[in-house]
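Student: Input input-v8.tsv, format and content: TSV, C-alpha atoms.
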```tsv
chain	number	residue	atom	x	y	z
A	277	MET	CA	70.55	122.12	62.32
A	278	TYR	CA	73.41	124.38	63.37
A	279	GLY	CA	71.81	127.48	64.77
A	280	SER	CA	68.50	126.30	63.33
A	281	ARG	CA	68.19	122.61	64.05
A	282	GLY	CA	64.90	120.80	64.09
A	283	ALA	CA	63.59	122.03	60.77
A	284	GLY	CA	62.79	118.65	59.31
A	285	PRO	CA	59.37	117.04	58.96
A	286	SER	CA	58.11	114.58	61.51
A	287	ALA	CA	57.62	110.96	60.55
A	288	GLY	CA	53.85	111.36	60.76
A	289	ARG	CA	53.80	114.31	58.41
A	290	ARG	CA	56.16	112.53	56.01
A	291	MET	CA	53.72	109.63	55.80
A	292	SER	CA	50.72	111.90	55.28
A	293	ALA	CA	52.39	113.99	52.59
A	294	VAL	CA	51.99	111.27	49.98
A	295	VAL	CA	48.31	110.81	50.73
A	296	LEU	CA	47.76	114.55	50.86
A	297	GLY	CA	49.21	115.21	47.42
A	298	ALA	CA	46.82	112.76	45.80
A	299	ALA	CA	43.86	113.93	47.87
A	300	LEU	CA	44.36	117.55	46.82
A	301	LEU	CA	43.90	116.57	43.20
A	302	ILE	CA	40.94	114.30	43.80
A	303	THR	CA	38.99	116.95	45.71
A	304	GLY	CA	39.67	119.63	43.11
A	305	CYS	CA	40.96	122.01	45.74
A	306	SER	CA	42.48	124.36	43.22
A	307	SER	CA	39.56	125.58	41.15
A	308	ASP	CA	40.26	129.19	40.20
A	309	GLY	CA	37.74	131.72	41.45
A	310	GLY	CA	38.53	134.09	38.59
A	311	ASP	CA	39.96	136.79	40.86
A	312	GLY	CA	43.38	135.20	41.34
A	313	SER	CA	42.26	133.22	44.39
A	314	ASP	CA	41.20	129.58	44.58
A	315	LYS	CA	37.93	128.69	46.25
A	316	GLY	CA	37.66	124.94	45.92
A	317	ALA	CA	37.41	122.25	48.59
A	318	ASP	CA	39.83	122.46	51.51
A	319	ALA	CA	40.10	121.56	55.18
A	320	GLY	CA	36.95	123.54	55.87
A	321	ALA	CA	38.82	126.73	56.77
A	322	GLY	CA	38.07	128.64	53.57
A	323	ILE	CA	41.74	129.03	52.66
A	324	THR	CA	42.42	130.74	49.32
A	325	GLN	CA	45.50	131.57	47.27
A	326	GLN	CA	47.36	134.84	47.69
A	327	PRO	CA	47.38	137.31	44.76
A	328	LYS	CA	49.69	135.85	42.15
A	329	GLU	CA	51.51	139.10	41.42
A	330	THR	CA	52.52	139.43	45.09
A	331	ALA	CA	53.07	135.83	46.15
A	332	PRO	CA	53.20	133.36	43.25
A	333	PHE	CA	53.73	130.39	45.57
A	334	TRP	CA	51.07	127.80	46.29
A	335	VAL	CA	49.01	127.90	49.48
A	336	ASN	CA	48.11	124.39	50.61
A	337	PRO	CA	44.39	124.64	51.49
A	338	ASP	CA	44.54	121.34	53.35
A	339	GLY	CA	47.70	121.90	55.37
A	340	THR	CA	48.13	121.41	59.10
A	341	ALA	CA	47.43	125.04	59.93
A	342	ALA	CA	44.28	125.02	57.80
A	343	ARG	CA	43.03	121.96	59.64
A	344	GLN	CA	43.79	123.67	62.93
A	345	VAL	CA	41.70	126.67	61.84
A	346	ALA	CA	38.77	124.42	60.98
A	347	ALA	CA	39.02	122.56	64.30
A	348	LEU	CA	39.17	125.80	66.31
A	349	GLU	CA	36.19	127.24	64.47
A	350	LYS	CA	34.23	124.07	65.09
A	351	ALA	CA	35.10	124.32	68.79
A	352	GLY	CA	33.85	127.90	68.86
A	353	LYS	CA	37.32	129.38	69.42
A	354	LYS	CA	36.93	132.06	66.79
A	355	GLN	CA	39.71	134.36	67.98
A	356	ASP	CA	42.28	131.56	68.11
A	357	ALA	CA	41.14	130.40	64.68
A	358	GLU	CA	41.75	133.85	63.22
A	359	HIS	CA	45.23	133.92	64.69
A	360	ILE	CA	46.14	130.54	63.16
A	361	ARG	CA	44.61	131.72	59.89
A	362	LYS	CA	47.57	134.11	59.63
A	363	ILE	CA	49.68	131.00	59.07
A	364	ALA	CA	47.20	128.90	57.12
A	365	GLU	CA	46.56	131.52	54.45
A	366	GLN	CA	50.24	131.92	53.51
A	367	PRO	CA	52.32	129.71	51.19
A	368	VAL	CA	54.69	127.60	53.26
A	369	ALA	CA	57.25	125.09	52.06
A	370	GLU	CA	56.54	121.40	51.70
A	371	TRP	CA	59.45	119.36	53.10
A	372	ILE	CA	59.90	116.25	50.98
A	373	GLY	CA	60.38	113.15	53.09
A	374	PRO	CA	62.36	109.97	52.32
A	375	ASP	CA	59.42	107.81	51.28
A	376	ASN	CA	57.84	107.93	47.82
A	377	PRO	CA	59.48	111.22	46.76
A	378	GLU	CA	58.07	111.00	43.25
A	379	GLU	CA	54.52	110.73	44.52
A	380	GLN	CA	55.03	113.55	47.01
A	381	THR	CA	56.49	116.01	44.55
A	382	ARG	CA	54.01	115.12	41.85
A	383	GLY	CA	51.09	115.67	44.21
A	384	PHE	CA	52.30	119.06	45.40
A	385	THR	CA	53.41	120.37	42.01
A	386	GLU	CA	50.26	119.20	40.24
A	387	ALA	CA	48.07	120.86	42.87
A	388	ALA	CA	50.13	124.04	42.59
A	389	ASP	CA	50.02	123.92	38.81
A	390	LYS	CA	46.26	123.54	38.81
A	391	ALA	CA	46.06	126.66	40.98
A	392	GLY	CA	48.37	128.52	38.62
A	393	ARG	CA	51.06	128.80	41.28
A	394	THR	CA	54.60	127.61	42.00
A	395	ALA	CA	55.27	124.82	44.49
A	396	LEU	CA	57.78	125.67	47.22
A	397	LEU	CA	59.74	122.56	48.19
A	398	VAL	CA	62.55	121.76	50.62
A	399	LEU	CA	64.87	118.82	50.06
A	400	TYR	CA	66.25	117.65	53.40
A	401	ASN	CA	67.50	114.11	53.07
A	402	ILE	CA	71.29	114.37	52.78
A	403	PRO	CA	73.15	111.39	54.32
A	404	HIS	CA	74.43	111.97	57.89
A	405	ARG	CA	71.97	114.85	58.27
A	406	ASP	CA	72.12	117.19	61.26
A	407	CYS	CA	75.06	115.42	62.91
A	408	GLY	CA	72.85	113.24	65.10
A	409	GLN	CA	70.88	116.17	66.54
A	410	TYR	CA	67.09	116.70	66.66
A	411	SER	CA	66.65	116.28	62.89
A	412	GLN	CA	69.11	113.45	62.42
A	413	GLY	CA	68.50	111.00	59.63
A	414	GLY	CA	68.69	111.33	55.88
A	415	ALA	CA	69.38	108.85	53.12
A	416	ALA	CA	71.36	105.75	54.03
A	417	ASP	CA	74.21	106.59	51.65
A	418	GLY	CA	75.08	108.48	48.49
A	419	ASN	CA	73.46	105.99	46.14
A	420	ALA	CA	70.24	106.03	48.13
A	421	TYR	CA	70.24	109.83	47.98
A	422	ARG	CA	70.73	109.84	44.21
A	423	GLU	CA	67.86	107.39	43.78
A	424	TRP	CA	65.66	109.53	46.02
A	425	LEU	CA	66.58	112.64	44.05
A	426	ASP	CA	65.66	110.87	40.79
A	427	GLY	CA	62.18	110.39	42.24
A	428	VAL	CA	61.97	114.04	43.30
A	429	ALA	CA	62.92	115.24	39.82
A	430	THR	CA	60.56	112.85	38.06
A	431	GLY	CA	57.70	114.00	40.29
A	432	ILE	CA	58.35	117.68	39.59
A	433	GLY	CA	58.65	117.17	35.85
A	434	GLY	CA	58.03	120.32	33.84
A	435	ARG	CA	55.85	122.01	36.44
A	436	SER	CA	56.90	125.18	38.25
A	437	ALA	CA	58.83	124.64	41.48
A	438	THR	CA	61.21	126.54	43.72
A	439	VAL	CA	63.51	124.25	45.69
A	440	ILE	CA	65.51	125.01	48.83
A	441	LEU	CA	68.33	122.49	48.77
A	442	GLU	CA	69.48	120.77	51.96
A	443	PRO	CA	69.39	123.24	54.88
A	444	ASP	CA	72.64	123.20	56.87
A	445	ALA	CA	74.34	120.60	54.67
A	446	LEU	CA	77.16	123.00	53.78
A	447	LEU	CA	77.44	124.63	57.19
A	448	HIS	CA	78.00	121.28	58.82
A	449	LEU	CA	80.94	120.69	56.51
A	450	VAL	CA	82.45	124.05	57.38
A	451	ASP	CA	81.97	123.89	61.15
A	452	GLY	CA	83.37	120.38	61.42
A	453	CYS	CA	80.12	118.85	62.63
A	454	THR	CA	80.06	116.40	59.73
A	455	PRO	CA	83.07	114.01	59.82
A	456	GLU	CA	85.76	114.64	57.24
A	457	GLN	CA	85.28	111.29	55.50
A	458	PHE	CA	81.83	112.37	54.30
A	459	HIS	CA	82.82	115.76	52.88
A	460	GLU	CA	83.79	114.77	49.34
A	461	GLU	CA	80.64	112.72	48.88
A	462	ARG	CA	78.42	115.52	50.19
A	463	TYR	CA	79.85	118.08	47.79
A	464	ASP	CA	79.34	115.61	44.96
A	465	LEU	CA	75.73	114.96	46.01
A	466	LEU	CA	74.88	118.65	46.29
A	467	LYS	CA	76.48	119.51	42.97
A	468	GLY	CA	74.69	116.60	41.34
A	469	ALA	CA	71.39	117.67	42.87
A	470	VAL	CA	71.74	121.20	41.53
A	471	ALA	CA	72.52	119.88	38.05
A	472	LYS	CA	69.62	117.42	38.03
A	473	LEU	CA	67.08	119.94	39.30
A	474	LYS	CA	68.24	122.68	36.95
A	475	PHE	CA	67.81	120.27	34.04
A	476	LEU	CA	64.07	120.62	34.71
A	477	LYS	CA	62.80	123.54	32.67
A	478	ASN	CA	60.69	125.29	35.34
A	479	THR	CA	62.58	124.61	38.57
A	480	LYS	CA	64.58	127.19	40.52
A	481	VAL	CA	67.18	125.96	43.01
A	482	TYR	CA	68.65	127.75	46.03
A	483	LEU	CA	71.51	126.17	47.98
A	484	ASP	CA	71.30	126.80	51.70
A	485	ALA	CA	73.96	129.18	53.00
A	486	GLY	CA	73.38	129.74	56.70
A	487	ASN	CA	72.23	132.85	58.51
A	488	ALA	CA	73.37	136.24	59.74
A	489	GLY	CA	74.25	134.90	63.18
A	490	TRP	CA	76.42	132.07	61.95
A	491	GLN	CA	79.96	133.17	61.20
A	492	HIS	CA	81.29	135.06	58.18
A	493	PRO	CA	80.55	134.74	54.45
A	494	ASP	CA	84.28	134.19	53.89
A	495	GLN	CA	83.88	130.75	55.46
A	496	ILE	CA	81.18	129.49	53.17
A	497	PHE	CA	81.55	131.08	49.75
A	498	GLU	CA	84.12	128.53	48.54
A	499	PRO	CA	82.03	125.58	49.80
A	500	LEU	CA	79.09	127.07	47.90
A	501	LYS	CA	81.20	127.05	44.75
A	502	TRP	CA	82.26	123.46	45.33
A	503	ALA	CA	78.58	122.53	45.77
A	504	GLY	CA	77.55	123.98	42.41
A	505	ILE	CA	76.32	127.50	43.18
A	506	ASP	CA	77.36	128.54	39.66
A	507	GLN	CA	74.58	126.36	38.22
A	508	ALA	CA	71.99	127.22	40.90
A	509	ASP	CA	69.66	130.20	40.84
A	510	GLY	CA	71.17	131.36	44.11
A	511	PHE	CA	71.22	130.58	47.81
A	512	SER	CA	68.92	130.71	50.83
A	513	VAL	CA	69.55	132.37	54.17
A	514	ASN	CA	67.94	132.28	57.62
A	515	VAL	CA	66.20	128.94	57.07
A	516	SER	CA	64.42	127.96	60.30
A	517	ASN	CA	66.06	130.87	62.08
A	518	PHE	CA	65.04	134.21	63.52
A	519	TYR	CA	67.47	136.86	62.30
A	520	SER	CA	65.86	140.06	61.07
A	521	THR	CA	65.24	140.63	57.40
A	522	ASP	CA	67.60	143.61	57.41
A	523	ASP	CA	70.41	141.54	58.93
A	524	SER	CA	69.67	138.70	56.51
A	525	ILE	CA	69.85	141.05	53.54
A	526	ALA	CA	73.19	142.41	54.74
A	527	TYR	CA	74.60	138.89	55.19
A	528	GLY	CA	73.23	137.75	51.84
A	529	LYS	CA	74.67	140.72	49.97
A	530	GLN	CA	78.12	140.13	51.48
A	531	LEU	CA	77.97	136.52	50.37
A	532	SER	CA	76.53	137.34	46.95
A	533	ALA	CA	79.50	139.56	46.20
A	534	LYS	CA	81.77	136.53	46.66
A	535	VAL	CA	79.76	134.18	44.40
A	536	ALA	CA	79.42	136.21	41.21
A	537	GLY	CA	76.44	138.27	42.33
A	538	LYS	CA	74.08	135.35	42.84
A	539	HIS	CA	70.60	136.22	44.09
A	540	PHE	CA	69.15	134.81	47.30
A	541	VAL	CA	65.93	134.17	49.22
A	542	ILE	CA	65.24	134.77	52.91
A	543	ASP	CA	63.19	132.68	55.32
A	544	THR	CA	61.03	135.25	57.11
A	545	SER	CA	58.63	132.76	58.68
A	546	ARG	CA	59.48	133.53	62.32
A	547	ASN	CA	61.75	136.57	62.32
A	548	GLY	CA	59.18	139.22	63.25
A	549	LYS	CA	60.94	140.04	66.49
A	550	GLY	CA	64.47	138.99	65.61
A	551	PRO	CA	66.56	136.35	67.38
A	552	TYR	CA	66.22	135.24	70.98
A	553	THR	CA	69.09	136.50	73.14
A	554	GLN	CA	68.48	134.75	76.47
A	555	GLY	CA	69.44	131.34	77.79
A	556	SER	CA	72.17	129.07	76.49
A	557	PRO	CA	73.62	130.29	73.17
A	558	ASP	CA	73.72	126.68	71.99
A	559	GLU	CA	69.93	126.40	72.03
A	560	ARG	CA	68.64	129.92	71.40
A	561	TRP	CA	67.53	128.68	67.98
A	562	CYS	CA	65.29	125.95	69.44
A	563	ASN	CA	61.66	126.94	70.06
A	564	PRO	CA	62.61	130.34	71.50
A	565	PRO	CA	59.82	132.17	73.34
A	566	GLY	CA	58.50	135.59	72.42
A	567	ARG	CA	59.04	135.28	68.67
A	568	ALA	CA	56.62	136.37	65.93
A	569	LEU	CA	55.73	135.70	62.33
A	570	GLY	CA	57.79	137.77	59.90
A	571	GLU	CA	57.07	139.34	56.52
A	572	THR	CA	54.62	137.29	54.54
A	573	PRO	CA	55.93	135.45	51.47
A	574	THR	CA	56.39	137.72	48.47
A	575	THR	CA	58.61	138.40	45.50
A	576	LYS	CA	58.34	142.15	46.18
A	577	THR	CA	61.40	142.58	48.38
A	578	ALA	CA	63.54	145.44	49.70
A	579	ASP	CA	66.57	144.64	47.53
A	580	PRO	CA	66.98	143.55	43.89
A	581	LEU	CA	69.33	140.74	44.95
A	582	VAL	CA	66.58	139.20	47.09
A	583	ASP	CA	64.33	137.09	44.87
A	584	ALA	CA	61.75	136.43	47.59
A	585	TYR	CA	60.82	136.36	51.23
A	586	LEU	CA	59.66	132.81	51.90
A	587	TRP	CA	58.21	130.81	54.75
A	588	VAL	CA	60.62	127.89	54.48
A	589	LYS	CA	60.25	126.75	58.07
A	590	ARG	CA	56.60	125.94	58.67
A	591	PRO	CA	55.45	128.24	61.51
A	592	GLY	CA	53.93	126.25	64.33
A	593	GLU	CA	56.09	123.18	63.86
A	594	SER	CA	58.57	122.37	66.60
A	595	ASP	CA	62.33	122.78	66.27
A	596	GLY	CA	62.84	119.77	68.53
A	597	GLU	CA	62.35	118.46	72.03
A	598	CYS	CA	63.45	121.58	73.87
A	599	LYS	CA	61.60	124.18	75.95
A	600	GLY	CA	58.64	121.84	76.21
A	601	GLY	CA	58.33	121.21	72.49
A	602	PRO	CA	57.42	117.94	70.73
A	603	LYS	CA	59.71	116.18	68.27
A	604	ALA	CA	61.19	118.19	65.40
A	605	GLY	CA	58.65	118.93	62.68
A	606	GLN	CA	55.56	118.14	64.74
A	607	TRP	CA	52.78	120.71	64.96
A	608	TRP	CA	52.80	122.58	68.27
A	609	ALA	CA	49.50	124.43	68.52
A	610	ASP	CA	50.44	126.52	71.54
A	611	TYR	CA	53.65	127.77	69.95
A	612	ALA	CA	51.82	128.51	66.69
A	613	LEU	CA	49.28	130.63	68.56
A	614	LYS	CA	52.03	132.57	70.32
A	615	LEU	CA	53.81	133.28	67.04
A	616	ALA	CA	50.61	134.50	65.43
A	617	ARG	CA	49.44	136.57	68.40
A	618	ALA	CA	52.80	138.34	68.57
A	619	SER	CA	52.80	139.28	64.90
A	620	SER	CA	51.49	142.60	63.65
```
Let me see the file written as structure tokens.
Tutor:
Amino acid sequence: MYGSRGAGPSAGRRMSAVVLGAALLITGCSSDGGDGSDKGADAGAGITQQPKETAPFWVNPDGTAARQVAALEKAGKKQDAEHIRKIAEQPVAEWIGPDNPEEQTRGFTEAADKAGRTALLVLYNIPHRDCGQYSQGGAADGNAYREWLDGVATGIGGRSATVILEPDALLHLVDGCTPEQFHEERYDLLKGAVAKLKFLKNTKVYLDAGNAGWQHPDQIFEPLKWAGIDQADGFSVNVSNFYSTDDSIAYGKQLSAKVAGKHFVIDTSRNGKGPYTQGSPDERWCNPPGRALGETPTTKTADPLVDAYLWVKRPGESDGECKGGPKAGQWWADYALKLARASS
């Protein structure tokens, strides 16, 4: 991803997502405790839902961070477990992989629905994704993407979902990273995806629109229009990046003014200490040291144009094979601990 590459899920996690969705329902992990939190079966870490009025998004009680908490507690590493719990107890996005999209989205949205919450999903499968960088891949072609999207939509159905649509897909058209011959198709795919998802009665859609450290809103507001922002609920900023919430609000408000006042959401997952300013500018976005968790997910934000602070990037998962990190999307326990320890 440009300025935020490496956000995508690893192959291993993509494979497990399908199994996980079904397992969540079988174990009854979402039984309501009557106080707005869920206290059913989970990874053994005792993870519950956040108060619905503050954070209406679903907390996966069997996610990677929750399993890490359970393993650390079992090993007697109580302090480390409590640090990782800061991640495990928050709603983080589920990145929908290329295989069995209907089963994945059905599993997550049904589990969220049973808990009385909204599933937070990221669609990251656009053809020619990430320009051959750490998160390269995506659907084989436009028809394959449309078929995949049909599965996503069928799996969501009428249940509540908030969807972040294709991080960096527009930016890579604007910055020239994606070859010109693929531009028309990509706009068509994004516009079609917005229309299909908005046809679902309880789905909100936010088109990705870069970050405060990218370039200027003037360079992306027309591409947003061509990609169907008029039909979307709004746009997302700072996905997988580290720019402060204040800077992200300023960038988002500038852009909103150019797209008919559309609202936006901000990824605050790792922006607690702002962006990294050392080393090569080309890779400051990739597993930067000294970062921290940001504001926890909530719909109670500092500006009426900001619909939510979200954890779109899953804290603790690598941006890519840089600075000692594993492949993009793989859990990196040491980095997760550092993020959590550095947060207030």
Student: Hey, could you make a per-residue contact list for segment 380-453 of chain A against segment 469-478 of chain A with 9 Å as the cut-off, showing the nearest pair of atoms and its distance in Å to one decimal, counting only C-alpha atoms, sorted by chain and number, as a tab-separated table?
Tutor:
```
residue	atom	partner	partner_atom	distance
A:Arg422	CA	A:Ala469	CA	8.0
A:Leu425	CA	A:Ala469	CA	7.1
A:Asp426	CA	A:Lys472	CA	8.1
A:Val428	CA	A:Leu473	CA	8.8
A:Ala429	CA	A:Leu473	CA	6.3
A:Ile432	CA	A:Leu476	CA	8.1
A:Gly433	CA	A:Leu476	CA	6.5
A:Gly434	CA	A:Asn478	CA	5.8
A:Arg435	CA	A:Asn478	CA	5.9
A:Ser436	CA	A:Asn478	CA	4.8
A:Ala437	CA	A:Asn478	CA	6.4
A:Thr438	CA	A:Asn478	CA	8.5
A:Val439	CA	A:Leu473	CA	8.5
A:Leu441	CA	A:Val470	CA	8.1
```
Student: List as a PyMOL selection string: which residues have an atom within 8 Å of (55.7, 138.1, 51.9), counting only C-alpha atoms?
Tutor: chain A and resi 330-331+544+571-576+584-586
Student: Which residues, protein or nucleic acid, reach to within 12 Å of (40.1, 127.5, 68.2) in the file's coordinates when using only C-alpha atoms, and can you give that as a ChimeraX atom specification?
Tutor: /A:321,341-361,609-610,612-613
Student: Do you know which residues are at most 12 Å from Ile496 of chain A counting only C-alpha atoms, after dropping those on the same chain fewer than 5 positions away, and could you put them as a list in words?
Tutor: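 Using only C-alpha atoms, the neighbours found are Asp444, Ala445, Leu446, Leu447, His448, Leu449, Val450, Asp451, Leu483, Asp484, Ala485, Gly486, Asn487, Trp490, Gln491, Lys501, Trp502, Ala503, Ile505, Phe511, Tyr527, Gly528, Gln530, Leu531, Ser532, Lys534 and Val535 of chain A.
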Student: Quote the spacing between atom CA of Gln495 of chain A and atom CA of Tyr519 of chain A in Å to one decimal place.
Tutor: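 About the pair atom CA of Gln495 of chain A and atom CA of Tyr519 of chain A: they are 18.8 Å apart.
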Student: If you count only C-alpha atoms, which residues fall within 7 Å of segment 399-402 of chain A, apart from same-chain ones fewer than 4 positions away, as a PyMOL selection string?
Tutor: chain A and resi 284+371-372+374+414-415+421+440-443
Student: Please dump the current selection as a PDB file, keeping the file's coordinate frame; keep C-alpha atoms.
Tutor:
```
ATOM      1  CA  GLY A 284      62.790 118.650  59.310  1.00  0.00           C
ATOM      2  CA  TRP A 371      59.450 119.360  53.100  1.00  0.00           C
ATOM      3  CA  ILE A 372      59.900 116.250  50.980  1.00  0.00           C
ATOM      4  CA  PRO A 374      62.360 109.970  52.320  1.00  0.00           C
ATOM      5  CA  GLY A 414      68.690 111.330  55.880  1.00  0.00           C
ATOM      6  CA  ALA A 415      69.380 108.850  53.120  1.00  0.00           C
ATOM      7  CA  TYR A 421      70.240 109.830  47.980  1.00  0.00           C
ATOM      8  CA  ILE A 440      65.510 125.010  48.830  1.00  0.00           C
ATOM      9  CA  LEU A 441      68.330 122.490  48.770  1.00  0.00           C
ATOM     10  CA  GLU A 442      69.480 120.770  51.960  1.00  0.00           C
ATOM     11  CA  PRO A 443      69.390 123.240  54.880  1.00  0.00           C
TER      12      PRO A 443
END
```
Student: Excluding Ala578 of chain A and residues on its chain fewer than 5 positions from it, collect all residues at most 12 Å away from it, counting all atoms listed in the file, and give them as a PDB file with C-alpha atoms, keeping the file's coordinate frame.
Tutor:
```
ATOM      1  CA  THR A 521      65.240 140.630  57.400  1.00  0.00           C
ATOM      2  CA  ASP A 522      67.600 143.610  57.410  1.00  0.00           C
ATOM      3  CA  SER A 524      69.670 138.700  56.510  1.00  0.00           C
ATOM      4  CA  ILE A 525      69.850 141.050  53.540  1.00  0.00           C
ATOM      5  CA  ALA A 526      73.190 142.410  54.740  1.00  0.00           C
ATOM      6  CA  VAL A 541      65.930 134.170  49.220  1.00  0.00           C
ATOM      7  CA  ILE A 542      65.240 134.770  52.910  1.00  0.00           C
ATOM      8  CA  GLU A 571      57.070 139.340  56.520  1.00  0.00           C
ATOM      9  CA  ASP A 583      64.330 137.090  44.870  1.00  0.00           C
ATOM     10  CA  ALA A 584      61.750 136.430  47.590  1.00  0.00           C
ATOM     11  CA  TYR A 585      60.820 136.360  51.230  1.00  0.00           C
TER      12      TYR A 585
END
```
